[in-house]
Amino acid sequence: MIAEIKDLSKLCVHTLTTKPWNIEECVKNYAAAGIKGITIWRNVLENRNLAEVKKLLNEFEMEVVSLARGGFFPSVDPKKRQTAIDDNLFAIEQAAAVGAPSIVLVCGADGGQSLDKSRDQIADGILKILPSAQSAGVKLSIEPLHPMYARDRSAINTIRQANDLAEAINSAWVGVAVDVYHLWWDPDLRKEIHRCAAHNNLFAFHVCDWNVPTMDFLNDRGLMGDGCINVPEIRSWVEEAGFRGYNEVEIFSDKYWATDQKAYLERIKEAYLTKT
Ligand code: ZN
């Protein structure tokens with residue numbers, strides 16, 4: 001039995017979903033549309049006064065679900081690995097400043113070295129930033145990415161790998177973000193979602209759809225119902241496992257970004273209520 005979504009109370013929208021909007025436009029338009037949750041991508045915080053952003057979020061009663069994104073730890077160049085650590089420490093400061101309880105980690109990969117080497121550097125990077133995350137009260141969500149990104153965006157490509165890593169680190173501050181776009185194809189998905197929740201590591205749930213055919217492997221995500229992912233079924237798995245957090249709509253789409261964003265937000269709400 002898949003429970004229907006009754007209202008918008010668990011809807012969160014990623015600011016990158018409405019990429020043409022700045023942070024003020026996102027906050028005001030989401031709030032006006034009855035959306036309570038926001039995941040803030042760092043591009044909209046560039047050169048901004050974070051105390052003012054926090055005030056704006058409070059004023060419109062938006063709950064910050066997460067900051068996106070940290071990670072990108074691996075590199076063959078030790079200097080670049082240090083730059084990544086520094087950037088992640090800055091992300092933790094930003095998250096704390098805007099009231100984000102967690103950061104999504106796109107873990108990274110470097111095609112100049114093996115996936116195993118990149119995975120070791122990911123674990124090392126997370127361990128290096130963990131004390132700062134913990135003292136700032138910011139959780140770190142490892143997001144496994146579809147294997148098509150294994151060379152350059154993440155060497156963590158299955159939920160099993162993310163579970164293994166989170167369990168090896170064994171901290172209340174490190175868990176996993178489940179994104180249907182990256183994981184829908186995995187025959188072990190349901191089992192691994194349950195394993196993830198059983199270890200208290202199920203931190204976040206991201207939704208969109210997989211277009212058939214997909215025209216661009218980064219910026220052609222679909223709105224729920226556009227493609228081939230059974231989003232309600234996967235949502236039922238995270239819920240049966242005990243997840244009660246927000247359903248985060250994260251859609252990178254050149255097609256939708258070119259349309260009127262207010263009308264698009266209404267389509268997102270419709271797809272959320274009927275196809276998620
Ligand atoms: Zn995601």
# chains A, B, ... in the order shown; residues from 1 in each chain; ligands from 1

$ residues_around --residues "Lys128 (chain A)" --least-positions-apart "5" --cutoff "10 Å" --atoms "only C-alpha atoms" --output "list in words"
Ile85, Asn88, Leu89, Ile122, Ala123 and Ala133 of chain A

$ residues_around --residues "Phe73 (chain A)" --least-positions-apart "6" --cutoff "6 Å" --atoms "only C-alpha atoms" --output "mmCIF file with N, CA and C atoms, in the first residue's frame"
data_model
loop_
_atom_site.group_PDB
_atom_site.id
_atom_site.type_symbol
_atom_site.label_atom_id
_atom_site.label_comp_id
_atom_site.auth_asym_id
_atom_site.auth_seq_id
_atom_site.Cartn_x
_atom_site.Cartn_y
_atom_site.Cartn_z
ATOM 1 N N ARG A 81 43.197 18.614 -2.717
ATOM 2 C CA ARG A 81 42.476 17.930 -1.625
ATOM 3 C C ARG A 81 42.345 18.866 -0.425
ATOM 4 N N ALA A 84 39.714 21.437 -1.089
ATOM 5 C CA ALA A 84 38.378 20.852 -0.893
ATOM 6 C C ALA A 84 38.012 20.812 0.587
ATOM 7 N N GLY A 108 32.683 13.276 -4.959
ATOM 8 C CA GLY A 108 33.775 13.560 -5.879
ATOM 9 C C GLY A 108 34.481 12.314 -6.389
ATOM 10 N N ILE A 122 37.759 10.108 -0.068
ATOM 11 C CA ILE A 122 36.439 10.581 0.396
ATOM 12 C C ILE A 122 36.295 10.315 1.898
ATOM 13 N N GLY A 125 38.498 12.655 3.752
ATOM 14 C CA GLY A 125 37.971 14.024 3.751
ATOM 15 C C GLY A 125 36.834 14.190 4.741
#

$ select_by_dssp --residues "region 23-77 of chain A" --states "alpha helix (DSSP H)" --output "list in words"
Ile23, Glu24, Glu25, Cys26, Val27, Lys28, Asn29, Tyr30, Ala31, Ala32, Leu50, Ala51, Glu52, Val53, Lys54, Lys55, Leu56, Leu57, Asn58 and Glu59 of chain A

$ write_last_selection --atoms "C-alpha atoms" --output "short mmCIF file (atom, residue, chain, number, x, y, z; two decimals), in the first residue's frame"
data_model
loop_
_atom_site.label_atom_id
_atom_site.label_comp_id
_atom_site.auth_asym_id
_atom_site.auth_seq_id
_atom_site.Cartn_x
_atom_site.Cartn_y
_atom_site.Cartn_z
CA ILE A 23 17.51 33.54 -2.78
CA GLU A 24 14.92 36.30 -2.17
CA GLU A 25 12.82 35.14 -5.12
CA CYS A 26 13.06 31.51 -4.01
CA VAL A 27 12.04 32.25 -0.42
CA LYS A 28 9.20 34.63 -1.28
CA ASN A 29 7.77 32.53 -4.11
CA TYR A 30 8.05 29.22 -2.25
CA ALA A 31 6.36 30.72 0.81
CA ALA A 32 3.61 32.27 -1.33
CA LEU A 50 24.18 35.32 5.63
CA ALA A 51 22.63 36.99 8.68
CA GLU A 52 20.27 38.82 6.32
CA VAL A 53 19.48 35.58 4.49
CA LYS A 54 18.70 33.96 7.81
CA LYS A 55 16.40 36.86 8.71
CA LEU A 56 14.59 36.50 5.39
CA LEU A 57 14.12 32.76 5.96
CA ASN A 58 12.73 33.42 9.44
CA GLU A 59 10.45 36.17 8.22
#

$ residues_near_ligand --ligand "ligand 1" --cutoff "10 Å" --atoms "only C-alpha atoms and all ligand atoms" --output "NGL selection string"
:A and (14 or 68-69 or 104-106 or 142-145 or 177-182 or 204-208 or 248-252)

$ write_last_selection --atoms "C-alpha atoms" --output "PDB file, in the first residue's frame"
ATOM      1  CA  HIS A  14      15.956  22.903  -3.888  1.00  0.00           C
ATOM      2  CA  ALA A  68      23.938  21.802  -1.073  1.00  0.00           C
ATOM      3  CA  ARG A  69      26.612  20.967  -1.555  1.00  0.00           C
ATOM      4  CA  VAL A 104      24.644  17.160   1.110  1.00  0.00           C
ATOM      5  CA  LEU A 105      27.974  15.682   0.067  1.00  0.00           C
ATOM      6  CA  VAL A 106      28.617  15.053  -3.605  1.00  0.00           C
ATOM      7  CA  ILE A 142      26.683  11.158   1.750  1.00  0.00           C
ATOM      8  CA  GLU A 143      24.769  11.165  -1.536  1.00  0.00           C
ATOM      9  CA  PRO A 144      25.515   8.187  -3.776  1.00  0.00           C
ATOM     10  CA  LEU A 145      25.503   9.299  -7.415  1.00  0.00           C
ATOM     11  CA  ALA A 177      20.926  11.093   1.180  1.00  0.00           C
ATOM     12  CA  VAL A 178      18.720   8.892  -1.017  1.00  0.00           C
ATOM     13  CA  ASP A 179      18.017  10.433  -4.428  1.00  0.00           C
ATOM     14  CA  VAL A 180      15.671   8.503  -6.725  1.00  0.00           C
ATOM     15  CA  TYR A 181      17.491   9.833  -9.812  1.00  0.00           C
ATOM     16  CA  HIS A 182      20.718   8.118  -8.803  1.00  0.00           C
ATOM     17  CA  ALA A 204      17.419  12.880   3.256  1.00  0.00           C
ATOM     18  CA  PHE A 205      15.144  11.908   0.369  1.00  0.00           C
ATOM     19  CA  HIS A 206      15.411  13.630  -3.037  1.00  0.00           C
ATOM     20  CA  VAL A 207      12.853  13.254  -5.833  1.00  0.00           C
ATOM     21  CA  CYS A 208      12.645  13.982  -9.563  1.00  0.00           C
ATOM     22  CA  GLU A 248      13.054  17.314  -1.579  1.00  0.00           C
ATOM     23  CA  VAL A 249      12.354  18.226  -5.191  1.00  0.00           C
ATOM     24  CA  GLU A 250      15.720  18.515  -6.909  1.00  0.00           C
ATOM     25  CA  ILE A 251      15.441  18.970 -10.665  1.00  0.00           C
ATOM     26  CA  PHE A 252      18.235  20.249 -12.897  1.00  0.00           C
TER      27      PHE A 252
END

$ residues_around --residues "region 186-197 of chain A" --least-positions-apart "3" --cutoff "8 Å" --atoms "only C-alpha atoms" --output "list in words"
Thr158, Ile159, Arg160, Asn163, Val176, Leu183, Asn200, Asn201, Leu202, Ile234, Trp237, Val238, Ala241, Gly242 and Phe243 of chain A

$ residues_around --residues "region 35-47 of chain A" --least-positions-apart "4" --cutoff "7 Å" --atoms "only C-alpha atoms" --output "list in words"
Leu8, Ser9, Leu11, Cys12, Val13, His14, Thr15, Leu16, Asn22, Ile23, Tyr30, Ala31, Met62, Glu63, Val64, Val65, Ser66, Leu67, Ala68 and Arg69 of chain A

$ atom_distance --atom1 "CA of Ile2 (chain A)" --atom2 "CA of Tyr272 (chain A)"
14.2 Å

$ residues_around --residues "Arg267 (chain A)" --least-positions-apart "5" --cutoff "10 Å" --atoms "only C-alpha atoms" --output "PyMOL selection string"
chain A and resi 223-224+261-262+272-273

$ atom_distance --atom1 "CA of Asn157 (chain A)" --atom2 "CA of Val138 (chain A)"
23.5 Å

$ closest_residue --among "A:Ser118, A:Ser253, A:Glu61, A:Ile5" --to "Ser236 (chain A)" --atoms "only C-alpha atoms"
A:Ile5

$ select_by_dssp --residues "region 31-195 of chain A" --states "strand (DSSP E)" --output "number ranges by chain"
A: 37-41, 63-71, 102-106, 139-142, 174-179

$ atom_distance --atom1 "CA of Gln121 (chain A)" --atom2 "CA of Leu165 (chain A)"
11.8 Å

$ closest_residue --among "A:Arg153, A:Lys255, A:Lys139, A:Arg221" --to "Phe203 (chain A)" --atoms "only C-alpha atoms"
A:Lys139

$ closest_residue --among "A:Phe60, A:Pro147, A:Thr276, A:Pro78" --to "Ala33 (chain A)" --atoms "only C-alpha atoms"
A:Phe60

$ decode --residues "region 174-185 of chain A" --atoms "N, CA and C atoms" --output "compact mmCIF listing (two decimals), in the first residue's frame"
# COMPACT_ATOMS: atom_id res chain seq x y z
N VAL A 174 27.03 11.60 10.51
CA VAL A 174 27.25 11.20 9.11
C VAL A 174 26.20 10.18 8.70
N GLY A 175 25.48 10.49 7.62
CA GLY A 175 24.46 9.58 7.11
C GLY A 175 24.40 9.62 5.59
N VAL A 176 23.21 9.32 5.06
CA VAL A 176 23.07 9.11 3.62
C VAL A 176 21.88 9.90 3.09
N ALA A 177 22.04 10.47 1.89
CA ALA A 177 20.93 11.09 1.18
C ALA A 177 20.52 10.16 0.04
N VAL A 178 19.25 9.77 0.03
CA VAL A 178 18.72 8.89 -1.02
C VAL A 178 18.05 9.75 -2.09
N ASP A 179 18.57 9.67 -3.31
CA ASP A 179 18.02 10.43 -4.43
C ASP A 179 17.54 9.44 -5.48
N VAL A 180 16.24 9.50 -5.80
CA VAL A 180 15.67 8.50 -6.72
C VAL A 180 16.37 8.53 -8.09
N TYR A 181 16.84 9.71 -8.50
CA TYR A 181 17.49 9.83 -9.81
C TYR A 181 18.73 8.94 -9.90
N HIS A 182 19.47 8.87 -8.81
CA HIS A 182 20.72 8.12 -8.80
C HIS A 182 20.53 6.64 -8.51
N LEU A 183 19.44 6.29 -7.81
CA LEU A 183 19.36 4.94 -7.22
C LEU A 183 18.21 4.09 -7.70
N TRP A 184 17.32 4.62 -8.54
CA TRP A 184 16.08 3.91 -8.87
C TRP A 184 16.30 2.55 -9.49
N TRP A 185 17.43 2.37 -10.19
CA TRP A 185 17.71 1.15 -10.96
C TRP A 185 18.24 0.01 -10.09
